[in-house]
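Have a look at work.cif below; it lists mmCIF, C-alpha atoms.
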```cif
data_entry
loop_
_atom_site.label_atom_id
_atom_site.label_comp_id
_atom_site.auth_asym_id
_atom_site.auth_seq_id
_atom_site.Cartn_x
_atom_site.Cartn_y
_atom_site.Cartn_z
CA MET A 22 -8.32 40.82 -20.17
CA ASN A 23 -7.44 40.48 -16.48
CA ASN A 24 -4.27 41.51 -14.65
CA ALA A 25 -2.64 38.10 -14.95
CA GLU A 26 -3.18 37.89 -18.70
CA LEU A 27 -1.92 41.45 -19.21
CA ASN A 28 1.17 40.80 -17.10
CA GLU A 29 1.99 37.81 -19.27
CA LEU A 30 1.82 40.02 -22.36
CA LYS A 31 3.95 42.66 -20.64
CA GLN A 32 6.67 40.15 -19.81
CA ARG A 33 6.71 38.85 -23.36
CA TYR A 34 6.47 42.04 -25.39
CA VAL A 35 7.37 45.18 -23.40
CA ALA A 36 11.05 46.17 -23.15
CA SER A 37 12.23 45.67 -19.59
CA GLY A 38 13.54 49.22 -19.41
CA ALA A 39 10.06 50.54 -20.17
CA ALA A 40 7.93 47.95 -18.34
CA SER A 41 6.19 48.96 -15.12
CA PRO A 42 6.97 46.85 -12.05
CA ALA A 43 3.31 47.19 -11.07
CA THR A 44 1.14 44.16 -11.67
CA GLN A 45 -2.23 45.93 -11.70
CA PHE A 46 -3.43 47.37 -15.00
CA ALA A 47 -5.65 50.46 -15.08
CA ASP A 48 -9.03 49.81 -16.66
CA ARG A 49 -10.96 53.00 -15.81
CA ALA A 50 -10.56 56.02 -13.57
CA GLU A 51 -12.42 58.98 -12.12
CA ASN A 52 -10.94 61.91 -10.19
CA ALA A 53 -8.74 60.27 -7.50
CA LEU A 54 -9.83 56.67 -8.04
CA VAL A 55 -8.67 53.95 -10.45
CA TRP A 56 -10.15 50.51 -11.06
CA ASP A 57 -7.83 47.78 -12.33
CA ALA A 58 -8.46 45.03 -14.86
CA ASP A 59 -9.72 42.74 -12.10
CA GLY A 60 -12.17 45.35 -10.83
CA ASN A 61 -10.16 46.35 -7.74
CA ARG A 62 -10.69 49.96 -6.58
CA ILE A 63 -7.49 51.94 -5.92
CA VAL A 64 -6.91 55.40 -4.42
CA ASP A 65 -4.47 57.40 -6.54
CA PHE A 66 -1.93 59.58 -4.71
CA ALA A 67 0.37 59.69 -7.76
CA GLY A 68 -1.76 61.33 -10.44
CA GLY A 69 0.30 59.85 -13.25
CA ILE A 70 3.33 61.59 -11.63
CA GLY A 71 1.73 64.99 -11.24
CA VAL A 72 -0.28 64.99 -14.47
CA LEU A 73 -3.77 64.95 -12.98
CA ASN A 74 -4.03 68.01 -10.73
CA ILE A 75 -7.71 68.32 -11.65
CA GLY A 76 -8.27 64.57 -11.46
CA HIS A 77 -8.72 61.65 -13.82
CA ARG A 78 -11.08 62.43 -16.70
CA HIS A 79 -12.37 65.81 -15.57
CA PRO A 80 -15.76 66.04 -17.34
CA LYS A 81 -15.03 69.39 -19.02
CA VAL A 82 -11.74 68.12 -20.41
CA VAL A 83 -13.29 64.87 -21.61
CA GLN A 84 -16.03 66.82 -23.39
CA ALA A 85 -13.53 69.18 -25.02
CA VAL A 86 -11.51 66.22 -26.31
CA LYS A 87 -14.65 64.50 -27.67
CA ASP A 88 -15.75 67.69 -29.41
CA GLN A 89 -12.34 68.13 -31.01
CA LEU A 90 -12.34 64.53 -32.27
CA ASP A 91 -15.36 65.44 -34.40
CA LYS A 92 -13.38 68.24 -36.08
CA VAL A 93 -9.65 67.73 -36.63
CA MET A 94 -7.25 65.25 -35.02
CA HIS A 95 -4.05 66.16 -36.88
CA THR A 96 -2.67 68.31 -39.67
CA CYS A 97 0.82 69.16 -38.28
CA GLN A 98 0.51 72.80 -37.33
CA THR A 99 3.49 73.81 -39.51
CA VAL A 100 1.68 72.37 -42.56
CA MET A 101 -1.77 73.75 -41.81
CA PRO A 102 -2.31 75.57 -38.50
CA TYR A 103 -5.52 75.50 -36.51
CA GLU A 104 -7.29 77.58 -33.89
CA GLY A 105 -6.36 75.51 -30.85
CA TYR A 106 -2.63 76.09 -31.16
CA VAL A 107 -2.86 79.87 -31.37
CA LYS A 108 -5.53 80.04 -28.65
CA VAL A 109 -3.33 78.03 -26.29
CA ALA A 110 -0.40 80.30 -27.15
CA GLU A 111 -2.54 83.36 -26.43
CA LYS A 112 -3.72 82.04 -23.05
CA LEU A 113 -0.27 80.90 -21.93
CA SER A 114 1.22 84.23 -22.97
CA GLN A 115 -1.33 85.97 -20.76
CA VAL A 116 -0.89 83.84 -17.63
CA THR A 117 2.81 82.89 -17.63
CA PRO A 118 5.01 85.23 -15.54
CA VAL A 119 7.99 85.73 -17.86
CA ARG A 120 9.58 89.08 -18.60
CA GLY A 121 7.88 91.29 -21.14
CA HIS A 122 5.56 90.04 -23.85
CA ALA A 123 5.56 86.26 -24.04
CA LYS A 124 5.55 84.03 -27.10
CA VAL A 125 4.95 80.29 -27.08
CA MET A 126 5.96 77.06 -28.78
CA LEU A 127 4.15 73.83 -28.03
CA ALA A 128 5.73 70.39 -27.83
CA ASN A 129 4.78 66.89 -26.64
CA SER A 130 6.60 66.24 -23.35
CA GLY A 131 8.48 67.93 -20.55
CA ALA A 132 11.82 66.71 -21.88
CA GLU A 133 11.00 68.09 -25.32
CA ALA A 134 10.12 71.45 -23.77
CA LEU A 135 13.47 71.57 -21.95
CA GLU A 136 15.36 70.59 -25.11
CA ASN A 137 13.72 73.45 -26.99
CA ALA A 138 14.25 75.91 -24.16
CA VAL A 139 17.98 75.23 -24.42
CA LYS A 140 17.83 75.64 -28.21
CA VAL A 141 16.08 78.98 -27.77
CA ALA A 142 18.60 80.13 -25.15
CA ARG A 143 21.53 79.24 -27.38
CA ALA A 144 19.99 81.00 -30.36
CA ALA A 145 19.12 84.09 -28.31
CA THR A 146 22.52 84.46 -26.62
CA GLY A 147 24.94 82.94 -29.10
CA LYS A 148 26.38 80.91 -26.22
CA ASN A 149 26.51 77.15 -25.55
CA ASN A 150 26.89 76.31 -21.85
CA VAL A 151 24.01 75.42 -19.56
CA ILE A 152 24.17 75.31 -15.76
CA CYS A 153 21.79 73.00 -13.89
CA PHE A 154 21.55 71.82 -10.27
CA ASP A 155 22.11 68.80 -8.06
CA GLY A 156 18.90 66.82 -7.68
CA GLY A 157 17.25 68.44 -10.67
CA TYR A 158 15.23 66.40 -13.13
CA HIS A 159 14.51 67.55 -16.68
CA GLY A 160 13.80 64.43 -18.76
CA ARG A 161 15.08 61.30 -20.52
CA THR A 162 16.38 62.58 -23.85
CA PHE A 163 20.15 62.80 -24.14
CA MET A 164 20.36 66.54 -23.48
CA THR A 165 17.97 66.39 -20.55
CA MET A 166 19.71 63.32 -19.12
CA ALA A 167 22.90 65.38 -19.15
CA MET A 168 21.00 68.15 -17.37
CA ASN A 169 19.59 65.87 -14.67
CA GLY A 170 21.21 66.10 -11.26
CA LYS A 171 20.77 62.39 -10.57
CA VAL A 172 22.36 59.54 -12.53
CA ALA A 173 20.42 56.38 -11.69
CA PRO A 174 18.24 55.13 -13.23
CA TYR A 175 18.03 57.70 -16.00
CA ALA A 176 21.54 57.74 -17.48
CA THR A 177 23.16 54.64 -16.03
CA ASP A 178 23.31 52.48 -19.17
CA PHE A 179 23.47 54.98 -22.01
CA GLY A 180 27.10 55.99 -22.41
CA SER A 181 28.46 59.49 -22.81
CA MET A 182 26.20 62.48 -22.34
CA PRO A 183 26.26 65.74 -24.33
CA GLY A 184 28.80 68.31 -23.18
CA ASN A 185 28.48 71.97 -22.19
CA VAL A 186 26.31 71.08 -19.18
CA PHE A 187 27.58 72.05 -15.75
CA ARG A 188 26.24 71.54 -12.25
CA ALA A 189 25.79 73.66 -9.13
CA PRO A 190 24.45 72.80 -5.64
CA TYR A 191 20.74 73.20 -4.95
CA PRO A 192 19.91 74.70 -1.54
CA VAL A 193 18.57 71.95 0.74
CA PRO A 194 19.51 72.93 4.32
CA TYR A 195 18.03 69.67 5.61
CA HIS A 196 20.82 67.85 3.78
CA GLY A 197 23.51 70.34 4.72
CA VAL A 198 23.44 72.65 1.71
CA SER A 199 22.62 76.20 2.77
CA GLU A 200 21.50 78.93 0.43
CA ASP A 201 24.85 80.65 0.86
CA GLU A 202 26.70 77.43 0.03
CA ALA A 203 24.54 76.89 -3.06
CA LEU A 204 25.22 80.41 -4.30
CA ARG A 205 28.93 80.00 -3.60
CA GLY A 206 28.92 76.77 -5.62
CA LEU A 207 27.09 78.44 -8.51
CA LYS A 208 29.52 81.36 -8.59
CA MET A 209 32.44 78.92 -8.40
CA ALA A 210 31.04 76.96 -11.37
CA LEU A 211 30.99 80.21 -13.33
CA LYS A 212 34.66 80.71 -12.48
CA THR A 213 35.99 77.17 -12.86
CA ASP A 214 33.88 75.48 -15.54
CA ALA A 215 31.19 77.58 -17.21
CA ASN A 216 32.64 80.93 -18.21
CA PRO A 217 29.74 83.42 -18.24
CA LYS A 218 30.73 84.66 -21.70
CA ASP A 219 30.08 81.13 -22.98
CA THR A 220 27.03 80.31 -20.83
CA ALA A 221 23.57 80.62 -22.36
CA ALA A 222 21.34 79.82 -19.40
CA ILE A 223 20.84 78.71 -15.84
CA VAL A 224 18.09 76.08 -15.64
CA LEU A 225 16.36 75.03 -12.44
CA GLU A 226 13.14 73.82 -10.88
CA PRO A 227 11.66 76.28 -8.36
CA VAL A 228 10.67 73.19 -6.39
CA LEU A 229 12.69 70.03 -6.98
CA GLY A 230 10.40 67.34 -8.35
CA GLU A 231 12.11 63.98 -8.68
CA GLY A 232 14.84 65.47 -6.46
CA GLY A 233 12.61 65.48 -3.39
CA PHE A 234 10.05 68.34 -3.34
CA TYR A 235 12.43 70.91 -1.85
CA PRO A 236 11.48 74.52 -2.69
CA ALA A 237 14.17 77.04 -3.57
CA PRO A 238 14.03 80.12 -1.30
CA ALA A 239 12.71 83.26 -2.97
CA SER A 240 15.99 85.00 -2.13
CA PHE A 241 17.93 82.28 -3.99
CA LEU A 242 15.77 82.68 -7.08
CA LYS A 243 16.20 86.44 -6.94
CA ALA A 244 19.98 86.00 -6.69
CA ILE A 245 19.97 83.77 -9.79
CA ARG A 246 17.93 86.38 -11.63
CA GLU A 247 20.57 88.99 -10.74
CA ILE A 248 23.46 86.72 -11.79
CA CYS A 249 21.79 86.03 -15.13
CA ASP A 250 21.23 89.74 -15.71
CA GLU A 251 24.81 90.56 -14.77
CA HIS A 252 26.27 88.11 -17.27
CA GLY A 253 23.72 88.19 -20.11
CA MET A 254 22.46 84.66 -19.43
CA LEU A 255 18.85 83.50 -19.58
CA MET A 256 16.99 82.23 -16.53
CA ILE A 257 14.98 79.11 -17.46
CA ILE A 258 12.48 77.80 -14.92
CA ASP A 259 11.30 74.20 -15.26
CA GLU A 260 7.68 74.03 -14.07
CA VAL A 261 6.89 70.66 -15.63
CA GLN A 262 5.91 69.15 -12.26
CA SER A 263 5.38 72.24 -10.11
CA GLY A 264 3.20 74.11 -12.59
CA PHE A 265 -0.53 74.23 -13.20
CA GLY A 266 -1.69 74.74 -9.65
CA ARG A 267 0.33 72.20 -7.72
CA THR A 268 1.78 74.78 -5.34
CA GLY A 269 -1.27 77.01 -4.84
CA LYS A 270 -0.20 79.31 -7.69
CA LEU A 271 -0.50 78.56 -11.37
CA PHE A 272 3.31 78.45 -11.41
CA ALA A 273 5.59 77.94 -8.41
CA ILE A 274 7.88 80.81 -9.48
CA GLU A 275 5.03 83.20 -8.66
CA HIS A 276 5.66 82.66 -4.94
CA SER A 277 9.00 84.46 -5.36
CA GLY A 278 7.96 87.38 -7.53
CA VAL A 279 10.84 86.57 -9.90
CA GLU A 280 10.23 86.83 -13.64
CA PRO A 281 12.40 84.38 -15.62
CA ASP A 282 13.14 84.63 -19.33
CA ILE A 283 11.67 81.21 -20.16
CA ILE A 284 9.30 78.82 -18.37
CA THR A 285 8.74 75.21 -19.45
CA MET A 286 5.58 73.32 -18.57
CA ALA A 287 3.81 70.03 -19.27
CA LYS A 288 2.17 67.33 -17.09
CA SER A 289 -1.05 68.82 -15.64
CA MET A 290 -1.54 71.42 -18.38
CA ALA A 291 -3.83 69.05 -20.31
CA ASP A 292 -5.11 66.64 -17.61
CA GLY A 293 -3.54 63.57 -19.18
CA MET A 294 -3.28 64.52 -22.85
CA PRO A 295 0.34 64.76 -24.11
CA ILE A 296 1.43 68.37 -24.53
CA SER A 297 4.12 70.73 -23.25
CA ALA A 298 5.11 74.33 -23.82
CA VAL A 299 8.04 76.69 -23.85
CA VAL A 300 6.92 80.21 -22.93
CA GLY A 301 9.45 83.01 -23.10
CA THR A 302 10.13 86.66 -23.74
CA ASP A 303 9.30 87.40 -27.36
CA LYS A 304 12.75 88.54 -28.47
CA HIS A 305 14.27 85.29 -27.17
CA MET A 306 11.56 83.05 -28.59
CA ASP A 307 11.94 84.72 -32.00
CA ALA A 308 15.75 84.38 -32.07
CA SER A 309 15.98 81.18 -34.12
CA GLY A 310 15.20 80.87 -37.81
CA ALA A 311 12.01 79.92 -39.60
CA ASN A 312 10.88 76.31 -39.05
CA SER A 313 13.64 75.79 -36.43
CA LEU A 314 11.19 74.82 -33.68
CA GLY A 315 8.45 72.21 -33.82
CA GLY A 316 7.72 68.63 -34.73
CA THR A 317 5.11 66.45 -36.36
CA TYR A 318 2.81 66.16 -33.37
CA THR A 319 3.69 69.31 -31.41
CA GLY A 320 0.59 71.09 -30.20
CA SER A 321 -1.84 68.37 -31.27
CA PRO A 322 -5.36 69.76 -31.85
CA VAL A 323 -6.79 67.31 -29.33
CA SER A 324 -4.22 68.19 -26.66
CA CYS A 325 -4.76 71.89 -27.31
CA ALA A 326 -8.49 71.44 -26.74
CA ALA A 327 -7.73 69.70 -23.45
CA THR A 328 -5.38 72.51 -22.39
CA LEU A 329 -7.96 75.20 -23.07
CA ALA A 330 -10.49 73.22 -21.04
CA VAL A 331 -8.04 72.88 -18.15
CA LEU A 332 -7.48 76.63 -18.09
CA GLU A 333 -11.25 77.15 -17.99
CA VAL A 334 -11.54 74.72 -15.09
CA PHE A 335 -8.91 76.68 -13.17
CA GLU A 336 -10.90 79.87 -13.65
CA GLN A 337 -14.29 78.37 -12.85
CA GLU A 338 -13.57 75.91 -10.02
CA ASN A 339 -11.13 77.72 -7.69
CA ILE A 340 -8.39 75.17 -8.28
CA LEU A 341 -5.63 77.34 -6.80
CA GLU A 342 -7.59 77.85 -3.58
CA LYS A 343 -8.27 74.11 -3.43
CA SER A 344 -4.56 73.41 -3.88
CA GLN A 345 -3.65 75.63 -0.96
CA ALA A 346 -6.37 74.10 1.22
CA LEU A 347 -5.19 70.58 0.37
CA GLY A 348 -1.63 71.57 1.24
CA ASP A 349 -2.79 72.86 4.61
CA LYS A 350 -4.53 69.54 5.33
CA LEU A 351 -1.42 67.58 4.37
CA ALA A 352 0.87 69.79 6.46
CA LYS A 353 -1.31 69.20 9.52
CA ARG A 354 -1.29 65.45 8.96
CA PHE A 355 2.49 65.39 8.39
CA ALA A 356 3.04 67.18 11.69
CA GLN A 357 0.99 64.51 13.43
CA TRP A 358 2.94 61.71 11.75
CA GLN A 359 6.21 63.25 12.86
CA GLN A 360 4.98 63.01 16.43
CA ASP A 361 3.64 59.49 16.03
CA PHE A 362 6.49 57.87 14.08
CA ASP A 363 10.23 57.96 14.73
CA CYS A 364 10.81 57.35 11.02
CA VAL A 365 8.82 60.32 9.65
CA ASP A 366 10.65 63.62 9.35
CA ASN A 367 10.83 66.89 7.47
CA GLY A 368 7.20 67.25 6.43
CA ARG A 369 7.00 70.07 3.91
CA ASN A 370 4.71 71.56 1.33
CA MET A 371 4.23 74.45 -1.02
CA GLY A 372 0.52 74.33 -1.58
CA ALA A 373 -0.33 70.75 -2.49
CA MET A 374 3.23 69.93 -3.60
CA ALA A 375 3.90 68.01 -0.42
CA ALA A 376 6.31 65.38 0.90
CA ILE A 377 7.80 63.67 3.94
CA ASP A 378 11.17 61.99 4.44
CA LEU A 379 11.65 58.55 5.95
CA VAL A 380 14.74 58.25 8.14
CA THR A 381 16.51 55.90 10.50
CA ASP A 382 17.76 58.78 12.68
CA LYS A 383 15.93 62.10 12.89
CA ALA A 384 18.82 63.90 14.55
CA LYS A 385 21.20 62.93 11.73
CA HIS A 386 18.56 63.02 8.96
CA THR A 387 19.74 59.56 7.87
CA PRO A 388 17.76 58.50 4.76
CA ASP A 389 15.85 55.21 4.80
CA ALA A 390 15.24 54.36 1.16
CA ASP A 391 14.40 50.74 2.01
CA LEU A 392 11.51 51.85 4.20
CA ALA A 393 10.26 54.20 1.48
CA GLY A 394 10.18 51.32 -0.98
CA ALA A 395 8.49 49.06 1.54
CA LEU A 396 5.87 51.70 2.33
CA CYS A 397 4.98 52.18 -1.33
CA LYS A 398 4.70 48.40 -1.76
CA LYS A 399 2.58 47.95 1.36
CA ALA A 400 0.30 50.85 0.39
CA ARG A 401 -0.25 49.36 -3.07
CA GLU A 402 -1.26 46.07 -1.47
CA LYS A 403 -3.84 48.00 0.56
CA GLY A 404 -5.24 49.85 -2.44
CA LEU A 405 -3.22 53.08 -2.57
CA ILE A 406 -0.82 54.27 -5.28
CA LEU A 407 2.07 56.07 -3.56
CA LEU A 408 5.39 57.30 -4.98
CA SER A 409 8.86 57.75 -3.55
CA CYS A 410 11.50 60.08 -4.95
CA GLY A 411 14.52 62.13 -3.92
CA LEU A 412 18.26 62.07 -4.38
CA TYR A 413 18.44 59.51 -1.55
CA GLY A 414 15.25 57.64 -2.46
CA ASN A 415 13.65 58.23 0.94
CA THR A 416 11.08 60.91 0.11
CA ILE A 417 7.39 60.10 -0.12
CA ARG A 418 5.67 62.59 -2.41
CA PHE A 419 1.96 63.25 -2.47
CA LEU A 420 0.48 64.03 -5.89
CA MET A 421 -3.19 63.24 -5.42
CA PRO A 422 -5.54 65.39 -7.51
CA VAL A 423 -6.22 68.80 -6.03
CA THR A 424 -9.89 67.96 -6.63
CA ILE A 425 -9.81 64.86 -4.41
CA GLU A 426 -12.88 64.37 -2.24
CA ASP A 427 -12.30 64.68 1.52
CA GLU A 428 -13.40 61.12 2.24
CA ILE A 429 -11.06 59.69 -0.43
CA LEU A 430 -8.19 61.82 0.89
CA GLU A 431 -8.80 60.49 4.39
CA GLU A 432 -9.01 56.93 3.09
CA GLY A 433 -5.61 57.26 1.44
CA LEU A 434 -3.93 58.96 4.40
CA ALA A 435 -5.28 56.25 6.70
CA ILE A 436 -3.68 53.62 4.47
CA VAL A 437 -0.32 55.41 4.80
CA GLU A 438 -0.68 55.37 8.58
CA GLU A 439 -1.74 51.73 8.71
CA SER A 440 1.14 50.73 6.48
CA LEU A 441 3.69 52.60 8.59
CA LYS A 442 2.35 50.99 11.77
CA GLU A 443 2.66 47.55 10.23
CA LEU A 444 6.19 48.24 9.00
CA VAL A 445 7.72 50.07 11.97
CA GLY A 446 5.13 50.39 14.72
CA SER A 447 4.32 53.73 16.33
CA LYS A 448 5.31 55.63 19.45
CA SER A 449 1.81 55.28 20.89
CA ALA A 450 1.88 51.52 20.38
CA ALA A 451 5.34 51.27 21.91
CA THR A 452 4.28 53.10 25.06
CA ALA A 453 0.93 51.35 25.42
#
```

Taking this structure as input, can you express it in the form of structure tokens?
Amino acid sequence: MNNAELNELKQRYVASGAASPATQFADRAENALVWDADGNRIVDFAGGIGVLNIGHRHPKVVQAVKDQLDKVMHTCQTVMPYEGYVKVAEKLSQVTPVRGHAKVMLANSGAEALENAVKVARAATGKNNVICFDGGYHGRTFMTMAMNGKVAPYATDFGSMPGNVFRAPYPVPYHGVSEDEALRGLKMALKTDANPKDTAAIVLEPVLGEGGFYPAPASFLKAIREICDEHGMLMIIDEVQSGFGRTGKLFAIEHSGVEPDIITMAKSMADGMPISAVVGTDKHMDASGANSLGGTYTGSPVSCAATLAVLEVFEQENILEKSQALGDKLAKRFAQWQQDFDCVDNGRNMGAMAAIDLVTDKAKHTPDADLAGALCKKAREKGLILLSCGLYGNTIRFLMPVTIEDEILEEGLAIVEESLKELVGSKSAATA
């Protein structure tokens, strides 16, 4: 079927809240390229929202999935376990920087991992409250919607959210929130809303994902570690988007040297197969009763096979070094764009987790969400998938595969430049 026929089916049968606004349907893909149902070739700078750090259909992952399909597709691991689940648990325990000996539970999605991390924290501490941060994003289930630091579009239409979730400022100096102010706000929340004796955990992303790709300073993360230790609370780090090599480390928290109690992960851990994990200190992970964690499809044999293949690819193909090199290339290009365009500001990256802001006034950092939307639309028309994000909707995030070929990277970056020139012009054109 072609794009037009598929769009007609989408309009008729897919719930509007779940339907993509895009009119091109993916037919096949390879590394950083996608071909739609009409045969159009598209450069992918989105990676399924950070799921494809080693590219579409990495050959070693595809082969691992095919091999697993010839063995077992499903038993439910609580009914009859299988090798893949325990091998993934072993590998994640070895590579995840949590305190002490780590144990693992596998789930299906990032939101499910966060839900279970909160369950574990409550069981381990005997407390209920959770503190999260402005701009944070943790998922679309009811508990994770309550934890999100951004209302629209995630929680706008769904009524009351679960209680016992409190919010603190995230340090984004560019938007006027210093590290000191963020720490003051967190300590005030512990005094005014979330009594430490009733608070199970502090949950945060080491680099905001949906909130705009702003990294938390190492000193801020260390301060949170100290506050958690002081009050007997768990430190939960959400690495769903920042994990698996996006920042030049396997996990972004490694840049700080801080060891949390629990880390959640998903997205790029299986190169497109649905899986997530909660990895935490053994005494915390073992705090809840038998059969209290899990689900029918959690840790699917096929997804486990994909995860083990991804971890092999990281070891064999220098993915972390490639991530850092890609980040360096993007940082250089962002600096050039900031010179060439009055609307481009605040280029930033931690490894290949990179973004720019679009503004109407650089001096005042005034967000331009309309331009961000227009840029993504224009880029799509030119054959590039590009995503915006951020609390103010004006951030352009770059989530191309770390394995992207240089010529494809240049092709995509050139489309961004061409699109900006068509939308706003450039300084060089204005002075010519």

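Across the structure, atom CA of Phe419 of chain A and atom CA of Val437 of chain A are spaced 10.9 Å apart.
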
Near Gly184 of chain A, counting all atoms listed in the file, which residues have an atom at most 10 Å away, once you skip same-chain residues fewer than 6 positions from it, shown as a short mmCIF file (atom, residue, chain, number, x, y, z; two decimals) with C-alpha atoms, in the frame of the given file?
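Printed below is result-v7.cif as written:
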```cif
data_model
loop_
_atom_site.label_atom_id
_atom_site.label_comp_id
_atom_site.auth_asym_id
_atom_site.auth_seq_id
_atom_site.Cartn_x
_atom_site.Cartn_y
_atom_site.Cartn_z
CA ASN A 149 26.51 77.15 -25.55
CA ASN A 150 26.89 76.31 -21.85
CA VAL A 151 24.01 75.42 -19.56
CA MET A 164 20.36 66.54 -23.48
CA ALA A 167 22.90 65.38 -19.15
CA MET A 168 21.00 68.15 -17.37
#
```

Quiz prompt | Sphere at (14.4, 55.0, -1.3), radius 9 Å, counting all atoms listed in the file: residues as a PyMOL selection string | solution = chain A and resi 379+388-395+409-417

Quiz prompt | the PyMOL selection byres ((chain A and resi 403) around 10) resolved against shown file, as number ranges by chain | solution = A: 63-64, 397-402, 404-406, 433, 436-437, 439-440

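Between Gln337 of chain A and the candidates A:Val139, A:Thr146, A:Asp201, A:Lys81, the tightest atom-to-atom separation, counting all atoms listed in the file, involves A:Lys81.
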
Hey, which bits of segment 105-199 of chain A sit within 12 Å of segment 345-368 of chain A, and for each residue what's the closest pair of atoms and how far apart in Å (one decimal), counting all atoms listed in the file, rows by chain and increasing number, as JSON lines?
```
{"residue": "A:Val193", "atom": "CA", "partner": "A:Asn367", "partner_atom": "CA", "distance": 11.4}
{"residue": "A:Pro194", "atom": "CA", "partner": "A:Asn367", "partner_atom": "CA", "distance": 11.0}
{"residue": "A:Tyr195", "atom": "CA", "partner": "A:Asn367", "partner_atom": "CA", "distance": 7.9}
{"residue": "A:His196", "atom": "CA", "partner": "A:Asn367", "partner_atom": "CA", "distance": 10.7}
```

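Residues surrounding segment 120-128 of chain A within 6 Å are Ala110, Ser114, Glu280, Asp282, Ile296, Ser297, Ala298, Val299, Val300, Gly301, Thr302, Asp303, Thr319 and Gly320 of chain A [all atoms listed in the file; sequence separation below 6 positions excluded].
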
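Comparing A:Asn129, A:Asn137, A:Ser344, A:Gln262 by their smallest distance to Ile283 of chain A, the closest is A:Asn137 (using only C-alpha atoms).
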
Exercise. Name the residues captured by the PyMOL selection byres ((chain A and resi 331) around 10) when it is applied to the shown file; answer as a ChimeraX atom specification.
Key: /A:74-75,79,81-82,85,265,289-292,325-330,332-337

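Proximity to Leu225 of chain A at 7 Å, evaluated using all atoms listed in the file and with sequence-adjacent residues fewer than 3 positions away removed, yields Cys153, Phe154, Gly157, Ile257, Ile258 and Asp259 of chain A.
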
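In this comparison, which uses all atoms listed in the file, the residue of A:Arg143, A:Gly76, A:Leu229, A:Met94 approaching Asp155 of chain A most closely is A:Leu229.
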
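Our summary of the geometry notes that atom CA of Lys171 of chain A is positioned 15.1 Å from atom CA of Ala132 of chain A.
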